[in-house]
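Undergrad: See structure_22.txt below, with compact mmCIF, C-alpha atoms and all ligand atoms.
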```txt
# COMPACT_ATOMS: atom_id res chain seq x y z
CA MET A 1 15.43 -23.49 -14.86
CA ASN A 2 12.73 -26.09 -14.13
CA LYS A 3 10.49 -24.28 -11.72
CA SER A 4 9.02 -20.87 -12.27
CA ILE A 5 9.30 -18.27 -9.50
CA PRO A 6 6.11 -16.24 -9.19
CA VAL A 7 6.27 -12.57 -8.32
CA ASN A 8 4.48 -13.32 -5.08
CA THR A 9 3.95 -16.31 -2.81
CA PRO A 10 2.22 -15.81 0.54
CA LEU A 11 3.26 -17.63 3.69
CA LEU A 12 0.40 -19.41 5.45
CA SER A 13 2.38 -21.44 7.95
CA GLY A 14 0.64 -20.63 11.22
CA ASN A 15 -2.87 -21.12 12.59
CA GLU A 16 -4.68 -20.11 9.37
CA LEU A 17 -6.20 -23.53 8.68
CA LYS A 18 -7.15 -24.07 12.33
CA TYR A 19 -8.98 -20.75 12.59
CA VAL A 20 -10.71 -21.06 9.19
CA THR A 21 -11.81 -24.58 10.16
CA GLU A 22 -13.26 -23.12 13.33
CA CYS A 23 -15.38 -20.72 11.22
CA ILE A 24 -16.65 -23.57 9.08
CA GLU A 25 -17.36 -25.87 12.00
CA THR A 26 -19.30 -23.16 13.82
CA GLY A 27 -21.02 -21.81 10.69
CA TRP A 28 -19.70 -18.24 11.20
CA ILE A 29 -18.61 -17.48 7.66
CA SER A 30 -20.20 -14.09 6.92
CA SER A 31 -19.10 -10.68 8.18
CA GLU A 32 -20.54 -11.50 11.58
CA GLY A 33 -18.41 -13.62 13.86
CA SER A 34 -15.81 -13.33 16.54
CA PHE A 35 -12.70 -13.26 14.32
CA ILE A 36 -13.75 -9.90 12.84
CA LYS A 37 -13.79 -8.17 16.22
CA ARG A 38 -10.63 -9.98 17.27
CA PHE A 39 -8.75 -9.00 14.09
CA GLU A 40 -9.91 -5.39 14.36
CA SER A 41 -8.91 -5.15 17.98
CA GLU A 42 -5.55 -6.94 17.65
CA PHE A 43 -4.52 -5.12 14.47
CA SER A 44 -5.47 -1.66 15.75
CA LYS A 45 -3.56 -2.41 18.95
CA TYR A 46 -0.56 -3.45 16.83
CA VAL A 47 -0.45 0.03 15.26
CA ASN A 48 -1.42 1.74 18.53
CA ARG A 49 -4.79 3.02 17.37
CA CYS A 50 -8.10 3.02 19.25
CA TYR A 51 -10.31 1.72 16.43
CA GLY A 52 -9.95 -0.78 13.60
CA ILE A 53 -12.61 -1.28 10.93
CA ALA A 54 -12.06 -4.36 8.76
CA VAL A 55 -13.20 -3.99 5.15
CA SER A 56 -13.13 -5.94 1.88
CA ASN A 57 -9.88 -4.44 0.53
CA GLY A 58 -7.53 -1.46 0.76
CA SER A 59 -9.20 0.43 -2.09
CA ALA A 60 -12.57 0.13 -0.34
CA ALA A 61 -10.92 1.46 2.81
CA LEU A 62 -9.83 4.59 0.92
CA ASP A 63 -13.31 5.08 -0.56
CA ILE A 64 -14.87 4.91 2.87
CA VAL A 65 -12.29 7.22 4.45
CA VAL A 66 -12.64 9.97 1.84
CA LYS A 67 -16.41 9.87 2.33
CA ALA A 68 -16.28 9.59 6.12
CA LEU A 69 -14.06 12.68 6.30
CA GLY A 70 -16.62 14.61 4.29
CA LEU A 71 -14.30 15.34 1.37
CA GLY A 72 -16.40 16.19 -1.64
CA HIS A 73 -17.22 18.63 -4.37
CA GLY A 74 -14.42 21.14 -5.01
CA ASP A 75 -12.23 20.05 -2.06
CA GLU A 76 -8.56 19.63 -2.93
CA VAL A 77 -6.51 16.75 -1.59
CA ILE A 78 -2.74 16.78 -2.07
CA MET A 79 -1.27 13.38 -2.92
CA PRO A 80 1.64 11.81 -4.83
CA THR A 81 1.44 11.14 -8.56
CA PHE A 82 3.56 8.01 -8.17
CA THR A 83 1.17 5.52 -6.61
CA ILE A 84 -1.52 2.96 -7.34
CA ILE A 85 -4.76 4.37 -8.78
CA SER A 86 -6.87 3.65 -5.66
CA PRO A 87 -6.35 6.89 -3.67
CA ALA A 88 -6.87 9.09 -6.74
CA GLN A 89 -10.04 7.34 -7.78
CA SER A 90 -11.47 7.51 -4.26
CA ILE A 91 -10.92 11.27 -4.26
CA ILE A 92 -12.34 11.74 -7.77
CA THR A 93 -15.39 9.51 -7.35
CA ASN A 94 -16.30 11.45 -4.23
CA GLY A 95 -16.20 14.69 -6.24
CA ALA A 96 -12.99 16.06 -4.76
CA ILE A 97 -9.84 17.00 -6.68
CA PRO A 98 -6.45 15.30 -6.37
CA VAL A 99 -3.59 17.83 -6.47
CA LEU A 100 -0.42 15.98 -7.34
CA VAL A 101 3.20 16.22 -6.25
CA ASP A 102 6.31 14.56 -7.66
CA CYS A 103 8.33 11.92 -5.84
CA GLU A 104 11.89 11.74 -4.59
CA ILE A 105 14.20 10.01 -7.02
CA ASP A 106 15.83 7.86 -4.32
CA THR A 107 12.99 6.74 -2.01
CA TRP A 108 10.20 6.92 -4.66
CA ASN A 109 8.01 8.55 -1.99
CA MET A 110 6.28 11.91 -2.42
CA ASN A 111 8.59 14.89 -2.19
CA VAL A 112 7.27 16.59 0.92
CA ASN A 113 9.12 19.81 0.03
CA GLU A 114 6.68 20.31 -2.85
CA ILE A 115 3.53 20.15 -0.75
CA GLU A 116 3.35 23.65 0.70
CA SER A 117 3.37 25.39 -2.68
CA LYS A 118 0.28 23.35 -3.66
CA ILE A 119 -1.83 24.43 -0.70
CA THR A 120 -4.75 26.72 -1.60
CA ASN A 121 -7.84 27.83 0.29
CA LYS A 122 -9.61 24.76 -1.15
CA THR A 123 -7.08 22.28 0.26
CA LYS A 124 -8.73 20.09 2.87
CA ALA A 125 -6.35 17.17 3.25
CA ILE A 126 -2.97 15.65 2.50
CA LEU A 127 -3.01 12.00 1.50
CA VAL A 128 0.38 10.34 1.95
CA VAL A 129 1.20 6.95 0.44
CA HIS A 130 4.18 4.99 1.73
CA ILE A 131 5.77 3.34 -1.28
CA TYR A 132 7.33 -0.15 -1.59
CA GLY A 133 9.34 -0.26 1.65
CA LEU A 134 10.31 3.14 2.99
CA PRO A 135 7.84 5.56 4.59
CA VAL A 136 7.19 9.15 3.58
CA ASP A 137 9.22 11.70 5.55
CA MET A 138 6.36 12.40 7.97
CA ASP A 139 7.60 15.24 10.22
CA PRO A 140 7.28 17.99 7.57
CA VAL A 141 3.85 16.63 6.57
CA LEU A 142 2.62 16.72 10.17
CA GLU A 143 3.87 20.29 10.50
CA LEU A 144 1.99 21.38 7.37
CA CYS A 145 -1.22 19.72 8.55
CA LYS A 146 -0.95 21.61 11.81
CA LYS A 147 0.01 24.93 10.22
CA TYR A 148 -2.83 24.88 7.66
CA ASN A 149 -5.34 22.85 9.67
CA LEU A 150 -5.48 20.02 7.13
CA LEU A 151 -6.68 16.46 7.55
CA LEU A 152 -4.12 13.72 7.10
CA ILE A 153 -5.02 10.48 5.33
CA GLU A 154 -2.30 7.85 5.51
CA ASP A 155 -2.23 5.07 2.93
CA ALA A 156 -0.15 2.44 4.70
CA ALA A 157 -1.44 -0.36 2.45
CA GLU A 158 2.12 -1.62 1.90
CA MET A 159 3.65 -0.68 5.20
CA HIS A 160 2.63 -3.16 7.92
CA GLY A 161 5.09 -3.02 10.77
CA GLN A 162 7.23 -0.24 9.26
CA THR A 163 8.19 2.60 11.59
CA TYR A 164 9.10 6.25 11.06
CA LYS A 165 11.46 7.45 13.81
CA GLY A 166 10.23 4.52 15.89
CA ARG A 167 6.51 5.28 15.44
CA LYS A 168 4.45 2.71 13.53
CA CYS A 169 3.17 3.58 10.07
CA GLY A 170 -0.61 3.65 10.26
CA ASN A 171 -0.31 5.72 13.43
CA PHE A 172 0.08 9.09 11.70
CA GLY A 173 -3.14 9.80 9.82
CA ASP A 174 -6.33 11.25 11.21
CA VAL A 175 -7.35 8.07 9.46
CA SER A 176 -4.97 5.44 8.07
CA ILE A 177 -5.58 2.40 5.92
CA PHE A 178 -3.97 -0.97 5.18
CA SER A 179 -4.42 -3.67 2.54
CA PHE A 180 -4.20 -7.41 3.17
CA TYR A 181 -3.86 -8.58 -0.44
CA PRO A 182 -1.65 -11.74 -0.54
CA ASN A 183 1.48 -9.83 -1.52
CA LYS A 184 1.37 -7.85 1.74
CA HIS A 185 3.33 -8.59 4.93
CA ILE A 186 0.16 -10.14 6.28
CA THR A 187 -2.80 -11.24 4.20
CA THR A 188 -6.47 -12.15 4.44
CA GLY A 189 -6.74 -13.17 0.75
CA GLU A 190 -8.50 -9.91 -0.04
CA GLY A 191 -9.01 -7.41 2.74
CA GLY A 192 -8.29 -4.02 4.24
CA MET A 193 -8.41 -2.14 7.52
CA ILE A 194 -9.17 1.45 8.48
CA VAL A 195 -7.58 2.62 11.74
CA CYS A 196 -8.14 5.84 13.69
CA ASP A 197 -8.53 7.26 17.20
CA ASN A 198 -11.73 9.26 16.73
CA LYS A 199 -14.96 7.54 17.80
CA ASP A 200 -17.22 9.53 15.46
CA ILE A 201 -15.04 8.82 12.42
CA ALA A 202 -14.83 5.14 13.38
CA GLU A 203 -18.61 4.90 13.66
CA LYS A 204 -19.06 6.67 10.33
CA CYS A 205 -16.66 4.20 8.68
CA GLN A 206 -18.47 1.25 10.29
CA LYS A 207 -21.72 2.53 8.86
CA LEU A 208 -20.31 3.21 5.39
CA ARG A 209 -18.84 -0.29 5.05
CA ASN A 210 -22.25 -1.77 5.70
CA LEU A 211 -24.62 -0.27 3.08
CA ALA A 212 -24.98 2.76 5.40
CA PHE A 213 -27.46 0.84 7.54
CA GLU A 214 -28.43 3.07 10.45
CA PRO A 215 -26.93 1.40 13.54
CA ASN A 216 -29.86 2.45 15.73
CA GLY A 217 -32.59 3.12 13.19
CA ARG A 218 -35.17 0.85 11.64
CA ARG A 219 -33.53 -1.89 9.59
CA PHE A 220 -33.64 -1.29 5.79
CA VAL A 221 -34.32 2.45 6.09
CA HIS A 222 -31.33 4.41 4.75
CA ASN A 223 -30.40 8.09 4.94
CA GLU A 224 -27.32 7.88 2.76
CA ILE A 225 -25.59 5.67 0.23
CA GLY A 226 -22.87 3.21 1.19
CA TRP A 227 -21.65 0.04 -0.50
CA ASN A 228 -21.17 -3.40 0.98
CA TYR A 229 -17.48 -3.27 1.85
CA ARG A 230 -17.57 -5.91 4.61
CA MET A 231 -14.82 -8.42 5.38
CA THR A 232 -15.88 -11.99 6.14
CA ASN A 233 -15.14 -13.89 9.34
CA LEU A 234 -13.22 -16.42 7.20
CA GLN A 235 -10.87 -13.67 6.02
CA ALA A 236 -10.49 -12.24 9.51
CA ALA A 237 -9.64 -15.74 10.80
CA ILE A 238 -6.70 -15.82 8.36
CA GLY A 239 -5.79 -12.28 9.44
CA VAL A 240 -5.64 -13.20 13.13
CA ALA A 241 -3.34 -16.13 12.32
CA GLN A 242 -1.15 -13.97 10.09
CA LEU A 243 -0.85 -11.28 12.74
CA GLU A 244 0.60 -13.86 15.13
CA ASN A 245 3.55 -14.11 12.72
CA ILE A 246 3.87 -10.52 11.54
CA ASP A 247 7.29 -9.90 13.12
CA LYS A 248 8.65 -13.03 11.47
CA HIS A 249 7.21 -11.94 8.10
CA ILE A 250 8.79 -8.49 8.34
CA LEU A 251 12.18 -9.94 9.23
CA LEU A 252 11.94 -12.35 6.33
CA LYS A 253 11.14 -9.61 3.80
CA ARG A 254 13.97 -7.50 5.13
CA LYS A 255 16.38 -10.42 5.00
CA ASN A 256 15.38 -11.18 1.40
CA GLY A 257 15.68 -7.51 0.44
CA LEU A 258 19.17 -7.28 1.91
CA LEU A 259 20.21 -10.49 0.15
CA TYR A 260 18.99 -9.15 -3.20
CA SER A 261 20.81 -5.87 -2.54
CA ARG A 262 24.06 -7.67 -1.69
CA LEU A 263 23.92 -10.05 -4.67
CA LEU A 264 23.11 -7.24 -7.11
CA SER A 265 25.50 -4.65 -5.72
CA ASN A 266 28.07 -3.48 -8.27
CA THR A 267 25.82 -4.62 -11.11
CA LYS A 268 25.97 -2.12 -13.94
CA LYS A 269 22.87 -0.72 -15.67
CA ILE A 270 20.63 -0.82 -12.59
CA ILE A 271 19.91 1.41 -9.59
CA LEU A 272 19.16 -0.46 -6.37
CA PRO A 273 16.67 0.64 -3.70
CA VAL A 274 17.84 2.75 -0.76
CA LEU A 275 18.57 0.49 2.22
CA GLU A 276 17.78 3.04 4.88
CA LYS A 277 17.12 6.70 5.60
CA GLU A 278 17.82 8.46 8.87
CA TYR A 279 14.19 7.83 9.90
CA SER A 280 13.65 4.19 8.79
CA LYS A 281 15.12 1.00 7.44
CA ASN A 282 13.68 -0.37 4.20
CA ILE A 283 11.30 -3.28 4.88
CA PHE A 284 11.14 -4.22 1.16
CA TRP A 285 7.43 -4.83 0.75
CA VAL A 286 8.63 -5.51 -2.78
CA PHE A 287 12.19 -5.54 -4.07
CA GLY A 288 12.05 -2.83 -6.72
CA LEU A 289 14.89 -1.52 -8.84
CA LEU A 290 15.41 0.91 -11.70
CA LEU A 291 17.13 0.37 -15.03
CA LYS A 292 19.45 3.19 -15.98
CA SER A 293 18.03 3.17 -19.49
CA GLU A 294 14.32 3.25 -20.24
CA GLU A 295 14.75 1.40 -23.55
CA ASN A 296 15.83 -1.76 -21.74
CA LEU A 297 12.80 -2.30 -19.52
CA ASN A 298 10.71 -4.42 -21.90
CA TYR A 299 13.69 -6.53 -22.92
CA VAL A 300 14.71 -7.29 -19.34
CA VAL A 301 11.20 -8.01 -18.08
CA GLU A 302 10.31 -10.17 -21.09
CA ASN A 303 13.48 -12.20 -20.76
CA LEU A 304 12.93 -12.78 -17.05
CA ASN A 305 9.36 -13.82 -17.74
CA LYS A 306 10.50 -16.18 -20.52
CA ILE A 307 12.56 -18.16 -18.01
CA GLY A 308 9.75 -18.20 -15.48
CA ILE A 309 10.78 -15.32 -13.21
CA GLY A 310 7.76 -13.19 -12.36
CA THR A 311 8.06 -9.40 -12.32
CA ARG A 312 5.80 -6.37 -12.19
CA PRO A 313 6.43 -2.93 -13.62
CA PHE A 314 6.27 0.02 -11.22
CA PHE A 315 3.08 2.04 -10.78
CA TRP A 316 2.05 4.30 -13.66
CA CYS A 317 1.79 7.98 -12.69
CA ILE A 318 -1.65 9.28 -11.79
CA HIS A 319 -1.32 12.31 -14.11
CA GLU A 320 -0.57 9.98 -17.04
CA GLN A 321 -3.46 7.56 -16.47
CA PRO A 322 -5.51 7.41 -19.68
CA VAL A 323 -8.74 7.23 -17.69
CA PHE A 324 -8.02 10.56 -15.99
CA GLN A 325 -6.74 12.19 -19.18
CA LYS A 326 -10.02 11.25 -20.85
CA MET A 327 -11.77 13.06 -18.02
CA GLY A 328 -9.69 16.17 -18.81
CA LEU A 329 -7.72 15.94 -15.57
CA PHE A 330 -4.05 16.86 -15.01
CA LYS A 331 -3.71 18.50 -18.45
CA ASN A 332 -0.14 19.57 -19.31
CA GLN A 333 1.18 18.52 -15.91
CA SER A 334 4.53 16.84 -15.67
CA PHE A 335 6.46 15.31 -12.80
CA PRO A 336 9.90 14.28 -14.08
CA ASN A 337 11.01 12.00 -11.23
CA ALA A 338 7.80 10.03 -11.13
CA GLU A 339 7.73 9.70 -14.93
CA LYS A 340 11.28 8.39 -14.94
CA ILE A 341 10.65 5.87 -12.18
CA ALA A 342 7.43 4.64 -13.80
CA ARG A 343 9.31 4.03 -17.06
CA THR A 344 12.42 2.36 -15.68
CA GLY A 345 11.28 0.56 -12.52
CA PHE A 346 10.14 -3.00 -11.95
CA TYR A 347 10.19 -5.45 -9.09
CA LEU A 348 11.51 -8.94 -8.70
CA PRO A 349 9.80 -11.87 -6.91
CA SER A 350 9.22 -10.62 -3.39
CA GLY A 351 6.84 -13.08 -1.75
CA LEU A 352 7.28 -14.43 1.76
CA GLY A 353 7.48 -17.96 0.35
CA LEU A 354 10.68 -17.11 -1.58
CA ASN A 355 13.84 -18.93 -0.49
CA GLU A 356 17.52 -18.02 -0.57
CA SER A 357 18.46 -20.32 -3.42
CA GLU A 358 15.66 -18.85 -5.56
CA ILE A 359 17.01 -15.35 -4.89
CA ASN A 360 20.46 -16.53 -5.94
CA VAL A 361 19.07 -17.93 -9.19
CA ILE A 362 17.06 -14.76 -9.90
CA CYS A 363 20.11 -12.53 -9.40
CA GLU A 364 22.33 -14.70 -11.58
CA LYS A 365 19.77 -14.73 -14.40
CA LEU A 366 19.15 -11.00 -14.13
CA LYS A 367 22.88 -10.25 -14.29
CA LYS A 368 23.21 -12.40 -17.38
CA ILE A 369 20.32 -10.59 -19.11
CA LEU A 370 21.85 -7.23 -18.18
CA ASN A 371 25.24 -8.35 -19.52
CA ASP A 372 23.67 -9.27 -22.84
CA LEU A 373 22.20 -5.81 -23.33
C1 LIG B 401 -0.39 2.04 -1.78
C2 LIG B 401 -1.60 1.19 -2.02
N1 LIG B 401 -2.81 1.70 -1.71
C3 LIG B 401 -3.93 0.98 -1.90
C4 LIG B 401 -3.88 -0.29 -2.40
C5 LIG B 401 -5.16 -1.03 -2.66
O1 LIG B 401 -5.30 -2.17 -1.87
P1 LIG B 401 -6.21 -3.37 -2.37
O2 LIG B 401 -5.48 -4.09 -3.43
O3 LIG B 401 -6.39 -4.20 -1.13
O4 LIG B 401 -7.49 -2.77 -2.84
C6 LIG B 401 -2.65 -0.87 -2.72
C7 LIG B 401 -2.55 -2.24 -3.24
O5 LIG B 401 -1.54 -2.86 -3.26
C8 LIG B 401 -1.47 -0.10 -2.53
O6 LIG B 401 -0.27 -0.58 -2.87
```
What is this file in structure tokens?
TA:
Amino acid sequence: MNKSIPVNTPLLSGNELKYVTECIETGWISSEGSFIKRFESEFSKYVNRCYGIAVSNGSAALDIVVKALGLGHGDEVIMPTFTIISPAQSIITNGAIPVLVDCEIDTWNMNVNEIESKITNKTKAILVVHIYGLPVDMDPVLELCKKYNLLLIEDAAEMHGQTYKGRKCGNFGDVSIFSFYPNKHITTGEGGMIVCDNKDIAEKCQKLRNLAFEPNGRRFVHNEIGWNYRMTNLQAAIGVAQLENIDKHILLKRKNGLLYSRLLSNTKKIILPVLEKEYSKNIFWVFGLLLKSEENLNYVVENLNKIGIGTRPFFWCIHEQPVFQKMGLFKNQSFPNAEKIARTGFYLPSGLGLNESEINVICEKLKKILNDL
């Protein structure tokens, strides 16, 4: 194979250059500027929310949200163990305690049937994370939040445009967040967005993304601590252009995911992702798959990489993160499904710039490697 196929390639085929040029020509390159407001308003409208707060990335969005909701010392937040580190570290750095649940073996999303048994009188919130392409089964989560009066934080970082029973992801949380890293359905290079319907929470988030400057007080006098988590107008300009093409991007990812699934069907030694559940169709943010045997993961990934095919392993479980173990957290906890997925899962090139013939090549090469095992 002559050309390598990276794990991700964004698609910047719309008005990105035009809008960024406009920022440069007008000098509006900081976090002030009309594209910020436009991106916030158009994206929040896209997910049917009243407020959008653009920030520097999805992890920053989670930090701000945990703080804005007043979650702190001793508060418990129920979340999945199979996810990126960002939600757990936002909870921990704010002094609260993540209480973990295992995931489903087929969708890789948190097992909502395990949540209720974890609720204590310290539980303040449930933090759901939609993983890789299918959303969490939201109805039971909404019921629990209502029954126990819990806040709902929705990490929809990977789930732009996905729906659960026809309702957009990002529309469920008291506060929901997105990421716009270049492997997402739409990108701003680096970037994130907080969305919600509550004016007070929105204003709190706006303040916390901006060094906690008092919106109406004397400039440079602060009553609390907040980082600089602002998005620039340049990034928002790219975001506005990307949003114009979001439906096309989602269709493309789904088409690529279905092609992968078809070409790899009946291949031994692997388990393919679920195409759909009764509540949603997979939008394949990434095309992930599991190897039936844990021992083969390094061999397969190394051999794909050797011939220039980019891959990533699945997330590593939160309860097994060395950094948290060093802090004495999650001692003697085990979550068999998540541990299995983390040890056998990886994803293939999934970028929007990927073409059909590349997917054909990837599948052929993968089958050959699997045959040689
Ligand atoms: C589920 C989830 N949450 C949060 C994040 C963090 O987003 P960012 O990389 O923009 O900080 C990611 C990143 O991909 C993610 O997948």
Undergrad: Kindly give the distance, in Å, that separates atom CA of Lys199 of chain A and atom CA of Ser41 of chain A, rounded to a single decimal.
TA: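 One can read the atom CA of Lys199 of chain A to atom CA of Ser41 of chain A distance as 14.1 Å.
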Undergrad: Please indicate the distance in Å from atom CA of Arg167 of chain A to atom CA of Val101 of chain A, rounded to one decimal place.
TA: 24.5 Å
Undergrad: With only C-alpha atoms as the counted atoms, please give the residues lying no more than 10 Å from Thr81 of chain A, apart from itself and same-chain residues fewer than 3 positions off, as a PyMOL selection string.
TA: chain A and resi 78+84-85+88+98-103+109-110+129+315-321+334-335+337-339
Undergrad: Just want the residues within 7 Å of ligand LIG 401 (chain B), written as a ChimeraX atom specification, counting only C-alpha atoms and all ligand atoms.
TA: /A:57-60,83-84,86-87,129-131,155-158,179-181,190-192
Undergrad: Have a look at A:Asp137, A:Met79, A:Asn94, A:Val274 and name the one nearest to Lys118 of chain A; count only C-alpha atoms.
TA: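 Smallest distance to Lys118 of chain A is found for A:Met79.
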